[in-house]
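Q: My structure file protein.txt, compact mmCIF, C-alpha atoms and all ligand atoms, is below:
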# COMPACT_ATOMS: atom_id res chain seq x y z
CA MET A 859 42.18 22.68 -28.65
CA SER A 860 38.92 23.59 -26.97
CA GLU A 861 38.82 26.24 -24.31
CA GLN A 862 39.31 25.29 -20.65
CA LYS A 863 35.96 25.08 -18.85
CA PHE A 864 35.46 26.06 -15.21
CA ILE A 865 32.78 25.02 -12.75
CA GLU A 866 31.91 26.60 -9.42
CA ILE A 867 31.89 24.12 -6.58
CA GLU A 868 30.37 25.28 -3.32
CA VAL A 869 31.54 23.18 -0.40
CA LEU A 870 30.06 23.10 3.08
CA ARG A 871 33.17 23.39 5.25
CA TYR A 872 33.43 22.62 8.95
CA LYS A 873 36.59 22.70 11.04
CA PRO A 874 35.73 21.33 14.49
CA GLU A 875 38.83 22.86 16.09
CA SER A 876 37.89 26.43 15.15
CA ASP A 877 34.31 26.62 13.78
CA GLU A 878 31.10 26.89 15.75
CA ALA A 879 29.01 25.90 12.72
CA PRO A 880 29.60 24.89 9.09
CA HIS A 881 29.90 27.56 6.39
CA SER A 882 30.06 27.52 2.59
CA GLU A 883 33.08 28.22 0.42
CA VAL A 884 33.06 28.49 -3.34
CA TYR A 885 35.90 27.29 -5.56
CA LYS A 886 36.31 27.78 -9.29
CA VAL A 887 37.57 24.49 -10.63
CA PRO A 888 38.84 23.79 -14.16
CA PHE A 889 37.46 20.49 -15.38
CA THR A 890 37.39 18.05 -18.25
CA ASP A 891 34.39 16.01 -19.33
CA ASP A 892 35.69 12.83 -17.72
CA MET A 893 36.01 14.38 -14.26
CA SER A 894 33.85 13.22 -11.37
CA VAL A 895 32.69 15.43 -8.50
CA LEU A 896 35.17 13.50 -6.33
CA GLN A 897 37.96 14.59 -8.67
CA GLY A 898 36.65 18.13 -8.34
CA ALA A 899 37.10 17.86 -4.56
CA GLN A 900 40.57 16.43 -5.11
CA TYR A 901 41.44 19.39 -7.32
CA ILE A 902 40.36 21.76 -4.55
CA LYS A 903 42.46 19.88 -2.01
CA ASP A 904 45.53 19.83 -4.26
CA ASN A 905 45.33 23.42 -5.46
CA PHE A 906 43.30 25.62 -3.11
CA ASP A 907 43.09 24.19 0.38
CA GLY A 908 44.95 21.09 1.52
CA SER A 909 42.80 20.86 4.65
CA LEU A 910 39.65 19.91 2.74
CA THR A 911 38.60 16.57 4.19
CA TYR A 912 36.54 13.83 2.54
CA ARG A 913 36.49 10.05 2.25
CA TRP A 914 37.23 8.04 -0.83
CA SER A 915 39.04 4.91 -1.87
CA CYS A 916 38.07 2.90 -4.94
CA ARG A 917 36.91 5.66 -7.34
CA MET A 918 34.67 3.06 -9.01
CA ALA A 919 31.47 3.01 -6.99
CA ILE A 920 32.27 -0.12 -5.04
CA CYS A 921 33.86 0.84 -1.70
CA GLY A 922 30.97 3.09 -0.68
CA SER A 923 33.09 5.72 1.06
CA CYS A 924 32.66 8.82 -1.14
CA GLY A 925 28.98 9.57 -0.51
CA MET A 926 27.99 13.21 -0.20
CA MET A 927 25.01 15.47 -0.81
CA ILE A 928 25.42 16.79 -4.34
CA ASN A 929 22.94 19.60 -4.96
CA GLY A 930 20.93 18.18 -2.09
CA VAL A 931 20.83 14.60 -3.39
CA PRO A 932 22.78 11.79 -1.73
CA LYS A 933 25.19 10.38 -4.34
CA LEU A 934 28.50 8.60 -4.70
CA SER A 935 30.75 11.46 -5.79
CA CYS A 936 33.06 9.15 -7.77
CA GLU A 937 30.28 8.17 -10.18
CA THR A 938 28.75 11.63 -10.48
CA PHE A 939 30.13 13.73 -13.30
CA ILE A 940 30.80 17.45 -13.22
CA ARG A 941 29.74 17.78 -16.86
CA ASP A 942 26.17 16.88 -15.93
CA TYR A 943 25.88 20.04 -13.82
CA TYR A 944 27.81 22.48 -16.00
CA PRO A 945 27.31 25.44 -16.39
CA ASN A 946 25.42 25.55 -13.07
CA ARG A 947 27.09 25.60 -9.71
CA ILE A 948 27.56 22.33 -7.83
CA THR A 949 27.01 22.36 -4.09
CA ILE A 950 28.50 19.58 -2.03
CA GLU A 951 27.81 18.84 1.60
CA ALA A 952 28.43 16.01 4.04
CA LEU A 953 25.77 13.26 3.94
CA ALA A 954 22.58 14.55 5.54
CA HIS A 955 21.28 13.30 8.92
CA PHE A 956 24.73 12.27 10.20
CA PRO A 957 26.82 14.45 12.53
CA ILE A 958 29.59 16.21 10.59
CA GLU A 959 33.03 15.23 11.84
CA LYS A 960 34.92 17.56 9.52
CA ASP A 961 34.02 19.07 6.12
CA LEU A 962 32.55 16.19 4.08
CA VAL A 963 33.32 13.47 6.61
CA VAL A 964 30.48 12.25 8.82
CA ASP A 965 30.47 10.30 12.07
CA LEU A 966 29.49 6.74 11.14
CA SER A 967 29.95 5.13 14.54
CA GLY A 968 26.17 4.86 15.10
CA PHE A 969 25.79 3.09 11.79
CA ILE A 970 28.61 0.66 12.55
CA GLU A 971 26.94 -0.24 15.86
CA LYS A 972 23.66 -0.85 14.04
CA LEU A 973 25.40 -3.12 11.53
CA GLU A 974 26.71 -5.19 14.44
CA SER A 975 23.34 -5.28 16.16
CA VAL A 976 21.58 -7.03 13.25
CA GLN A 977 23.88 -10.06 13.62
CA PRO A 978 24.94 -9.96 9.97
CA TYR A 979 26.14 -13.53 9.68
CA ILE A 980 24.58 -16.93 9.23
CA ILE A 981 23.19 -18.32 12.46
CA PRO A 982 22.59 -22.00 11.67
CA ALA A 983 19.21 -23.35 12.73
CA GLU A 984 20.87 -26.43 14.13
CA LYS A 985 24.43 -27.54 14.65
CA ARG A 986 25.92 -29.22 11.65
CA SER A 987 28.95 -31.45 11.63
CA LEU A 988 31.59 -31.45 8.91
CA ASP A 989 30.65 -34.88 7.59
CA GLN A 990 27.14 -33.69 6.91
CA GLY A 991 28.78 -31.78 4.09
CA GLU A 992 27.98 -28.42 2.63
CA TYR A 993 24.65 -26.65 2.60
CA ILE A 994 22.75 -27.11 -0.61
CA GLN A 995 21.03 -24.02 -1.91
CA THR A 996 18.99 -23.85 -5.10
CA PRO A 997 19.30 -20.89 -7.49
CA ALA A 998 15.76 -19.89 -6.47
CA GLN A 999 16.80 -19.81 -2.81
CA VAL A 1000 19.82 -17.67 -3.71
CA GLN A 1001 17.49 -15.25 -5.50
CA ASP A 1002 15.54 -14.75 -2.26
CA TYR A 1003 18.37 -12.74 -0.75
CA MET A 1004 20.75 -11.95 -3.64
CA GLN A 1005 19.67 -8.34 -4.17
CA PHE A 1006 20.26 -7.52 -0.48
CA THR A 1007 23.88 -8.73 -0.67
CA SER A 1008 24.74 -5.86 -3.03
CA CYS A 1009 24.83 -3.27 -0.25
CA ILE A 1010 28.19 -1.46 -0.03
CA ASN A 1011 27.39 0.38 3.24
CA CYS A 1012 27.64 3.77 1.57
CA THR A 1013 24.84 5.08 3.83
CA LEU A 1014 23.25 7.14 1.07
CA CYS A 1015 19.95 5.57 2.17
CA TYR A 1016 20.36 7.06 5.65
CA ALA A 1017 21.00 10.48 4.13
CA ALA A 1018 17.73 9.94 2.19
CA CYS A 1019 15.68 8.93 5.24
CA PRO A 1020 14.00 11.78 7.13
CA GLN A 1021 12.84 9.36 9.82
CA PHE A 1022 16.47 8.56 10.59
CA GLY A 1023 17.20 12.30 10.62
CA LEU A 1024 14.40 12.83 13.14
CA ASN A 1025 15.30 9.78 15.23
CA PRO A 1026 18.98 8.82 14.95
CA ASP A 1027 18.28 5.64 16.93
CA PHE A 1028 16.16 4.20 14.11
CA ILE A 1029 17.98 1.12 12.87
CA GLY A 1030 17.50 2.50 9.36
CA PRO A 1031 17.31 1.18 5.80
CA GLY A 1032 20.88 -0.10 5.23
CA ALA A 1033 21.18 -2.18 8.38
CA MET A 1034 17.64 -3.52 7.90
CA ALA A 1035 18.51 -4.60 4.35
CA LEU A 1036 21.44 -6.56 5.72
CA LEU A 1037 19.30 -8.07 8.47
CA HIS A 1038 16.79 -9.14 5.84
CA ARG A 1039 19.56 -10.60 3.68
CA TYR A 1040 20.40 -13.09 6.45
CA ASN A 1041 16.79 -13.76 7.42
CA MET A 1042 16.05 -14.71 3.81
CA ASP A 1043 19.01 -17.07 3.54
CA SER A 1044 17.89 -20.70 3.60
CA ARG A 1045 21.03 -21.62 5.61
CA ASP A 1046 20.11 -19.18 8.37
CA GLY A 1047 17.93 -19.83 11.39
CA GLY A 1048 18.44 -16.54 13.22
CA ALA A 1049 15.26 -14.70 12.22
CA GLU A 1050 13.71 -15.20 15.64
CA GLN A 1051 16.78 -13.78 17.42
CA ARG A 1052 16.70 -10.75 15.15
CA MET A 1053 12.96 -10.21 15.59
CA GLU A 1054 13.34 -8.44 18.92
CA LEU A 1055 15.32 -5.69 17.19
CA VAL A 1056 13.00 -5.55 14.16
CA ALA A 1057 9.94 -4.96 16.37
CA SER A 1058 11.70 -2.76 18.93
CA GLU A 1059 11.37 0.97 19.45
CA GLU A 1060 14.36 1.47 17.13
CA GLY A 1061 12.91 -0.99 14.65
CA VAL A 1062 10.94 -0.98 11.41
CA PHE A 1063 7.91 0.93 12.65
CA ASN A 1064 9.91 4.16 12.53
CA CYS A 1065 9.57 3.91 8.76
CA SER A 1066 6.69 5.82 7.17
CA ALA A 1067 7.40 4.48 3.66
CA VAL A 1068 8.88 7.63 2.20
CA GLY A 1069 10.79 5.33 -0.16
CA TYR A 1070 13.58 7.76 -1.06
CA CYS A 1071 16.19 5.33 0.33
CA SER A 1072 15.51 2.86 -2.47
CA GLU A 1073 15.49 5.69 -4.98
CA VAL A 1074 19.04 6.83 -4.14
CA CYS A 1075 20.60 3.39 -3.60
CA PRO A 1076 23.46 3.10 -6.11
CA LYS A 1077 23.29 -0.72 -6.00
CA HIS A 1078 19.50 -1.21 -6.37
CA VAL A 1079 19.25 -3.01 -3.06
CA ASP A 1080 15.75 -1.63 -2.38
CA PRO A 1081 16.19 -1.21 1.39
CA ALA A 1082 12.65 0.22 1.68
CA ASN A 1083 11.38 -3.18 0.61
CA ALA A 1084 13.44 -4.93 3.32
CA VAL A 1085 12.09 -2.56 5.98
CA ASN A 1086 8.48 -2.87 4.88
CA ILE A 1087 8.45 -6.65 4.50
CA ASN A 1088 9.69 -6.77 8.08
CA LYS A 1089 6.80 -4.63 9.28
CA THR A 1090 4.54 -7.43 8.08
CA ASN A 1091 6.84 -10.04 9.64
CA ALA A 1092 6.86 -8.21 12.98
CA ALA A 1093 3.07 -7.89 12.99
CA LYS A 1094 2.68 -11.60 12.15
CA ASP A 1095 5.15 -12.52 14.86
CA TYR A 1096 3.29 -10.39 17.41
CA PHE A 1097 -0.07 -12.04 16.75
CA LEU A 1098 1.30 -15.55 16.38
CA ARG A 1099 2.92 -15.29 19.80
CA PHE A 1100 -0.55 -15.31 21.35
CA LEU A 1101 -1.29 -18.59 19.61
CA SER A 1102 2.01 -20.33 20.25
CA PRO A 1103 2.20 -22.83 23.13
CA LYS A 1104 5.31 -21.02 24.40
CA GLY A 1105 2.93 -18.12 24.75
CA GLY A 1106 3.08 -14.39 25.24
CA ALA A 1107 5.15 -11.57 23.83
CA LYS A 1108 8.49 -10.82 25.42
CA MET B 241 42.68 16.22 24.28
CA SER B 242 40.29 15.27 21.52
CA LYS B 243 39.48 17.99 19.02
CA ARG B 244 36.34 16.14 17.97
CA LYS B 245 33.16 18.20 17.99
CA PRO B 246 30.66 16.51 15.67
CA TYR B 247 28.15 19.01 14.32
CA VAL B 248 24.50 17.95 14.14
CA ARG B 249 22.48 19.77 11.50
CA SER B 250 18.93 20.85 12.24
CA MET B 251 15.99 18.93 10.78
CA ASP B 252 13.78 22.03 10.74
CA GLY B 253 11.84 22.25 7.50
CA TRP B 254 13.36 18.94 6.28
CA TRP B 255 10.42 18.27 3.99
CA LYS B 256 11.07 21.44 1.98
CA LYS B 257 14.66 20.47 1.19
CA ASN B 258 13.95 17.92 -1.52
CA PRO B 259 11.17 17.70 -4.16
CA PHE B 260 10.79 14.02 -3.25
CA PHE B 261 9.94 14.97 0.35
CA VAL B 262 7.57 17.74 -0.77
CA GLU B 263 5.64 15.20 -2.84
CA TYR B 264 5.69 12.78 0.08
CA VAL B 265 4.16 15.35 2.42
CA ILE B 266 1.53 16.26 -0.18
CA HIS B 267 0.46 12.68 -0.84
CA GLU B 268 0.42 11.87 2.88
CA SER B 269 -1.73 14.90 3.61
CA THR B 270 -4.31 13.82 1.01
CA ALA B 271 -5.26 11.28 3.70
CA LEU B 272 -7.02 14.23 5.38
CA PHE B 273 -9.40 14.35 2.41
CA VAL B 274 -10.20 10.69 2.91
CA LEU B 275 -10.96 11.56 6.52
CA ALA B 276 -13.13 14.51 5.44
CA TYR B 277 -15.20 12.25 3.20
CA ALA B 278 -15.58 9.65 5.94
CA VAL B 279 -16.88 12.41 8.25
CA THR B 280 -19.32 13.58 5.54
CA LEU B 281 -20.75 10.06 5.24
CA LEU B 282 -20.89 9.69 9.00
CA VAL B 283 -22.91 12.90 9.29
CA GLY B 284 -25.29 11.44 6.69
CA LEU B 285 -25.70 8.33 8.82
CA ILE B 286 -26.44 10.39 11.92
CA ARG B 287 -28.99 12.50 10.00
CA LEU B 288 -30.63 9.29 8.77
CA GLY B 289 -31.05 8.19 12.38
CA GLN B 290 -32.74 11.48 13.17
CA GLY B 291 -35.67 10.89 10.83
CA GLU B 292 -36.84 11.69 7.34
CA ALA B 293 -36.70 15.49 7.54
CA ALA B 294 -33.10 15.48 8.79
CA TRP B 295 -32.10 13.00 6.08
CA ASN B 296 -33.71 15.06 3.33
CA GLY B 297 -31.98 18.15 4.71
CA TRP B 298 -28.62 16.38 4.44
CA LEU B 299 -29.40 15.30 0.85
CA ALA B 300 -30.33 18.88 -0.05
CA ALA B 301 -27.15 20.21 1.56
CA LEU B 302 -25.12 17.86 -0.63
CA GLN B 303 -26.61 19.47 -3.73
CA SER B 304 -25.53 23.00 -2.89
CA PRO B 305 -22.81 24.49 -5.15
CA GLY B 306 -20.41 24.59 -2.19
CA ALA B 307 -20.90 20.88 -1.53
CA LEU B 308 -20.35 20.10 -5.22
CA VAL B 309 -17.05 22.00 -5.29
CA PHE B 310 -16.07 20.30 -2.03
CA HIS B 311 -16.78 16.88 -3.52
CA LEU B 312 -14.85 17.69 -6.67
CA ALA B 313 -11.84 18.62 -4.52
CA LEU B 314 -12.33 15.37 -2.57
CA LEU B 315 -12.46 13.35 -5.77
CA VAL B 316 -9.21 14.82 -7.09
CA ALA B 317 -7.38 14.47 -3.77
CA ILE B 318 -8.59 10.93 -3.13
CA ALA B 319 -7.74 9.85 -6.69
CA TYR B 320 -4.22 11.20 -6.15
CA HIS B 321 -4.07 9.47 -2.79
CA ALA B 322 -5.05 6.17 -4.40
CA TYR B 323 -2.51 6.63 -7.18
CA THR B 324 0.39 7.29 -4.78
CA TRP B 325 -0.79 4.46 -2.54
CA PHE B 326 -0.37 1.99 -5.37
CA LYS B 327 2.86 3.67 -6.45
CA ILE B 328 4.56 2.66 -3.19
CA MET B 329 2.93 -0.76 -3.11
CA PRO B 330 5.95 -2.54 -4.71
CA ILE B 331 8.20 -1.54 -1.80
CA THR B 332 5.74 -2.85 0.76
CA LEU B 333 5.13 -6.30 -0.73
CA PRO B 334 7.29 -9.40 -0.47
CA PRO B 335 8.49 -10.56 -3.91
CA ILE B 336 5.69 -12.11 -5.94
CA ARG B 337 6.95 -14.79 -8.28
CA VAL B 338 5.05 -15.75 -11.38
CA GLY B 339 6.55 -18.74 -13.15
CA GLY B 340 9.84 -18.26 -11.30
CA GLU B 341 10.16 -14.63 -12.38
CA LYS B 342 9.80 -11.76 -9.94
CA LEU B 343 6.85 -9.55 -10.77
CA SER B 344 8.10 -6.11 -11.81
CA PRO B 345 7.17 -2.99 -9.78
CA CYS B 346 5.44 -1.66 -12.89
CA ALA B 347 3.19 -4.73 -13.12
CA ILE B 348 2.27 -4.42 -9.43
CA ILE B 349 1.41 -0.73 -9.75
CA THR B 350 -0.61 -1.26 -12.94
CA GLY B 351 -2.39 -4.25 -11.39
CA GLY B 352 -3.31 -2.20 -8.32
CA LEU B 353 -4.56 0.76 -10.33
CA VAL B 354 -6.63 -1.42 -12.66
CA ALA B 355 -8.15 -3.26 -9.69
CA ALA B 356 -9.01 0.09 -8.03
CA ALA B 357 -10.57 1.44 -11.23
CA VAL B 358 -12.63 -1.72 -11.80
CA ALA B 359 -13.82 -1.78 -8.16
CA SER B 360 -14.79 1.92 -8.29
CA LEU B 361 -16.67 1.52 -11.57
CA GLY B 362 -18.40 -1.60 -10.28
CA LEU B 363 -19.53 0.29 -7.20
CA ILE B 364 -20.83 3.24 -9.22
CA VAL B 365 -22.82 0.92 -11.51
CA LEU B 366 -24.23 -0.98 -8.54
CA VAL B 367 -25.30 2.18 -6.67
CA TRP B 368 -26.72 3.62 -9.90
CA ARG B 369 -28.88 0.56 -10.46
CA ILE B 370 -30.10 0.48 -6.87
CA ALA B 371 -31.01 4.18 -7.10
CA ALA B 372 -32.80 3.64 -10.44
S1 LIG C 1201 35.35 6.11 -3.99
FE1 LIG C 1201 34.63 4.10 -3.62
S2 LIG C 1201 32.52 4.30 -3.98
FE2 LIG C 1201 33.27 6.23 -4.57
Can I see the file as structure tokens?
A:
Amino acid sequence: MSEQKFIEIEVLRYKPESDEAPHSEVYKVPFTDDMSVLQGAQYIKDNFDGSLTYRWSCRMAICGSCGMMINGVPKLSCETFIRDYYPNRITIEALAHFPIEKDLVVDLSGFIEKLESVQPYIIPAEKRSLDQGEYIQTPAQVQDYMQFTSCINCTLCYAACPQFGLNPDFIGPGAMALLHRYNMDSRDGGAEQRMELVASEEGVFNCSAVGYCSEVCPKHVDPANAVNINKTNAAKDYFLRFLSPKGGAK
Amino acid sequence: MSKRKPYVRSMDGWWKKNPFFVEYVIHESTALFVLAYAVTLLVGLIRLGQGEAAWNGWLAALQSPGALVFHLALLVAIAYHAYTWFKIMPITLPPIRVGGEKLSPCAIITGGLVAAAVASLGLIVLVWRIAA
């Protein structure tokens, strides 16, 4: 049998009831080659400190709850393997740019509000009765928005976006990707309603095309693309308003 | 009573925290070199307006060793600026479909770089022939 290997995991801890600011603690964790960083955290909780707090559920990169900064990079901890860091130390920290609630858990309430604000549902262009039957959508039309449906709301893209860190009101990459997903859907007619938000102070023009959000996205959604296409859309909308008979910007 | 006390981390020095951000700040700041070159040309234009002696003075100044080093630095920085500009082009464009297939980011970047190289070469040849 091969010798037991150990890895040092440095965790940024924060207990709101007693701490003024977060501090680091280092744990020496025995691991096997099939262990994820999430399992490393679980080992710490089970064996060293039961108060260690983090989110997780599916353990298979689909629920989007286990995101954390792993050596400074936003990642899903359930699909990140300890063996890839050994023999170096792993540092884990709550997702950047969000307020830390406790240890590795961040406050997502702002993000949830943003998700609501993009009206992430189909807004039909015109009322349709049942006997008109179902919407017909061609495979090409499905392809227009398919990639943006893959988002699992893990918020890694927010942890990768310095503009969100500097301005927490920025609607941000994830919510914009979802907004774009509905705008691009041939069954949807809500793009105009959503435009006010796109072009607003919290909207797409906060983005300076850093592009790291798309880099870290575990589902290849390319949120940077959604944000930047909507810059063009907002600019078009602004100029076309002068030409439209309804006239004038709002 | 709620024990909640969300802790907001500082953004000070954010761009130093990740190599990706360091590169971002570098390629964004190469825009200053583009500005510097635009100013250089603008000065030339002003000197031209001031008559032949001023214009010849500007031309002579451009041939000093300092000016040559300056232009070499400009060339490198602006080439890097152009390269990174095309590198982020795929995220800024709506999907381009060719024969039903989405054009790959790699094809967009290569297309952009080739177009920039051809345009630059064309310009050099044109200016060369006018000068000769
Ligand atoms: S635990 Fe569900 S994505 Fe990692």
Q: Ligand LIG 1201 (chain C): which residues are within 10 Å, counting all atoms listed in the file, as a CSV table (one decimal) with C-alpha atoms, in the frame of the given file?
A:
chain,number,residue,atom,x,y,z
A,894,SER,CA,33.8,13.2,-11.4
A,896,LEU,CA,35.2,13.5,-6.3
A,913,ARG,CA,36.5,10.0,2.2
A,914,TRP,CA,37.2,8.0,-0.8
A,915,SER,CA,39.0,4.9,-1.9
A,916,CYS,CA,38.1,2.9,-4.9
A,917,ARG,CA,36.9,5.7,-7.3
A,918,MET,CA,34.7,3.1,-9.0
A,919,ALA,CA,31.5,3.0,-7.0
A,920,ILE,CA,32.3,-0.1,-5.0
A,921,CYS,CA,33.9,0.8,-1.7
A,922,GLY,CA,31.0,3.1,-0.7
A,923,SER,CA,33.1,5.7,1.1
A,924,CYS,CA,32.7,8.8,-1.1
A,925,GLY,CA,29.0,9.6,-0.5
A,926,MET,CA,28.0,13.2,-0.2
A,933,LYS,CA,25.2,10.4,-4.3
A,934,LEU,CA,28.5,8.6,-4.7
A,935,SER,CA,30.8,11.5,-5.8
A,936,CYS,CA,33.1,9.2,-7.8
A,937,GLU,CA,30.3,8.2,-10.2
A,938,THR,CA,28.8,11.6,-10.5
A,1010,ILE,CA,28.2,-1.5,0.0
A,1011,ASN,CA,27.4,0.4,3.2
A,1012,CYS,CA,27.6,3.8,1.6
A,1076,PRO,CA,23.5,3.1,-6.1
Q: Could you list, with a cut-off of 6 Å and counting all atoms listed in the file, the residues of chain B near chain A, each shown with its nearest atom pair and the distance in Å rounded to one decimal, rows sorted by chain and ascending number, as a tab-separated table?
A:
residue	atom	partner	partner_atom	distance
B:Lys243	CA	A:Glu875	CA	5.7
B:Lys245	CA	A:Pro874	CA	5.4
B:Pro246	CA	A:Glu959	CA	4.7
B:Tyr247	CA	A:Ile958	CA	4.9
B:Val248	CA	A:Pro957	CA	4.5
B:Ile331	CA	A:Asn1083	CA	4.3
B:Thr332	CA	A:Asn1086	CA	4.9
B:Pro334	CA	A:Ile1087	CA	5.8
Q: What is the distance, in Å and to one decimal place, between CA of Val1062 in chain A and CA of Lys256 in chain B?
A: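 Computed distance, CA of Val1062 in chain A to CA of Lys256 in chain B, equals 24.3 Å.
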Q: Could you name the residues that touch Thr911 in chain A at 9 Å or less, counting all atoms listed in the file, but leaving out those on the same chain fewer than 5 positions away, as a VMD selection string?
A: chain A and resid 871 899 903 960 to 963
Q: Show which residues sit within 12 Å of Lys327 in chain B, as a PyMOL selection string. Count only C-alpha atoms, and ignore same-chain residues fewer than 4 positions away.
A: (chain A and resi 1067-1069) or (chain B and resi 264+267+320-323+331-333+345-353)
Q: Would you save the residues of that selection, restricted to C-alpha atoms, as a compact mmCIF listing (two decimals), in the coordinates of the input?
A:
# COMPACT_ATOMS: atom_id res chain seq x y z
CA ALA A 1067 7.40 4.48 3.66
CA VAL A 1068 8.88 7.63 2.20
CA GLY A 1069 10.79 5.33 -0.16
CA TYR B 264 5.69 12.78 0.08
CA HIS B 267 0.46 12.68 -0.84
CA TYR B 320 -4.22 11.20 -6.15
CA HIS B 321 -4.07 9.47 -2.79
CA ALA B 322 -5.05 6.17 -4.40
CA TYR B 323 -2.51 6.63 -7.18
CA ILE B 331 8.20 -1.54 -1.80
CA THR B 332 5.74 -2.85 0.76
CA LEU B 333 5.13 -6.30 -0.73
CA PRO B 345 7.17 -2.99 -9.78
CA CYS B 346 5.44 -1.66 -12.89
CA ALA B 347 3.19 -4.73 -13.12
CA ILE B 348 2.27 -4.42 -9.43
CA ILE B 349 1.41 -0.73 -9.75
CA THR B 350 -0.61 -1.26 -12.94
CA GLY B 351 -2.39 -4.25 -11.39
CA GLY B 352 -3.31 -2.20 -8.32
CA LEU B 353 -4.56 0.76 -10.33
Q: Of the candidates A:Ala952, A:Ile1029, A:Leu1037, A:Val1000, which shows the shortest atom-to-atom distance to Tyr979 in chain A, using all atoms listed in the file?
A: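 Answer, going by the shortest atom-to-atom distance: A:Leu1037.
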Q: Work out how far apart CA of Ala1057 in chain A and CA of Ala1092 in chain A are and give it in Å to one decimal.
A: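 For CA of Ala1057 in chain A relative to CA of Ala1092 in chain A, the distance reads 5.6 Å.
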Q: Just the residues within 10 Å of range 315-318 of chain B, please, counting all atoms listed in the file, with nothing from its chain fewer than 3 positions along; format it as a PyMOL selection string.
A: chain B and resi 266-267+269-275+277+309-312+321-324
Q: Write out as an MDAnalysis selection string the residues lying within 7 Å of Phe864 in chain A, counting all atoms listed in the file and excluding same-chain residues fewer than 6 positions away.
A: chainID A and resid 886:889
Q: State, in Å with one decimal place, the distance from CA of Ser344 in chain B to CA of Phe1028 in chain A.
A: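 The value is 29.0 Å.
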Q: Smallest atom-to-atom distance to Ala313 in chain B: which of B:Ile364, B:Glu263, B:Ala276, B:Leu285, using all atoms listed in the file?
A: B:Ala276
Q: Will you model all heavy atoms for range 1095-1099 of chain A and pass it back as a compact mmCIF listing (two decimals), in the frame of the given file?
A:
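And here's selection.txt as it stands now:
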# COMPACT_ATOMS: atom_id res chain seq x y z
N ASP A 1095 4.48 -11.95 13.70
CA ASP A 1095 5.15 -12.52 14.86
C ASP A 1095 4.41 -12.15 16.14
O ASP A 1095 4.18 -12.98 17.01
CB ASP A 1095 6.60 -12.01 14.92
CG ASP A 1095 7.34 -12.52 16.13
OD1 ASP A 1095 7.68 -13.72 16.12
OD2 ASP A 1095 7.56 -11.75 17.08
N TYR A 1096 3.99 -10.88 16.22
CA TYR A 1096 3.29 -10.39 17.41
C TYR A 1096 2.01 -11.18 17.64
O TYR A 1096 1.74 -11.65 18.75
CB TYR A 1096 2.98 -8.90 17.24
CG TYR A 1096 2.24 -8.30 18.40
CD1 TYR A 1096 2.91 -7.96 19.56
CD2 TYR A 1096 0.87 -8.06 18.32
CE1 TYR A 1096 2.23 -7.39 20.63
CE2 TYR A 1096 0.19 -7.50 19.38
CZ TYR A 1096 0.87 -7.17 20.54
OH TYR A 1096 0.20 -6.63 21.59
N PHE A 1097 1.21 -11.36 16.57
CA PHE A 1097 -0.07 -12.04 16.75
C PHE A 1097 0.11 -13.55 16.93
O PHE A 1097 -0.61 -14.16 17.70
CB PHE A 1097 -1.00 -11.72 15.59
CG PHE A 1097 -1.49 -10.30 15.66
CD1 PHE A 1097 -1.07 -9.35 14.76
CD2 PHE A 1097 -2.35 -9.92 16.69
CE1 PHE A 1097 -1.50 -8.03 14.87
CE2 PHE A 1097 -2.79 -8.60 16.80
CZ PHE A 1097 -2.36 -7.66 15.89
N LEU A 1098 1.11 -14.11 16.25
CA LEU A 1098 1.30 -15.55 16.38
C LEU A 1098 1.79 -15.93 17.78
O LEU A 1098 1.56 -17.03 18.24
CB LEU A 1098 2.27 -16.05 15.32
CG LEU A 1098 1.68 -16.07 13.90
CD1 LEU A 1098 2.71 -16.58 12.89
CD2 LEU A 1098 0.41 -16.91 13.83
N ARG A 1099 2.45 -15.00 18.45
CA ARG A 1099 2.92 -15.29 19.80
C ARG A 1099 1.77 -15.64 20.74
O ARG A 1099 1.91 -16.44 21.65
CB ARG A 1099 3.65 -14.08 20.38
CG ARG A 1099 5.13 -14.16 20.18
CD ARG A 1099 5.78 -12.85 20.55
NE ARG A 1099 6.99 -12.67 19.78
CZ ARG A 1099 8.15 -13.21 20.12
NH1 ARG A 1099 8.24 -13.95 21.19
NH2 ARG A 1099 9.21 -13.02 19.37
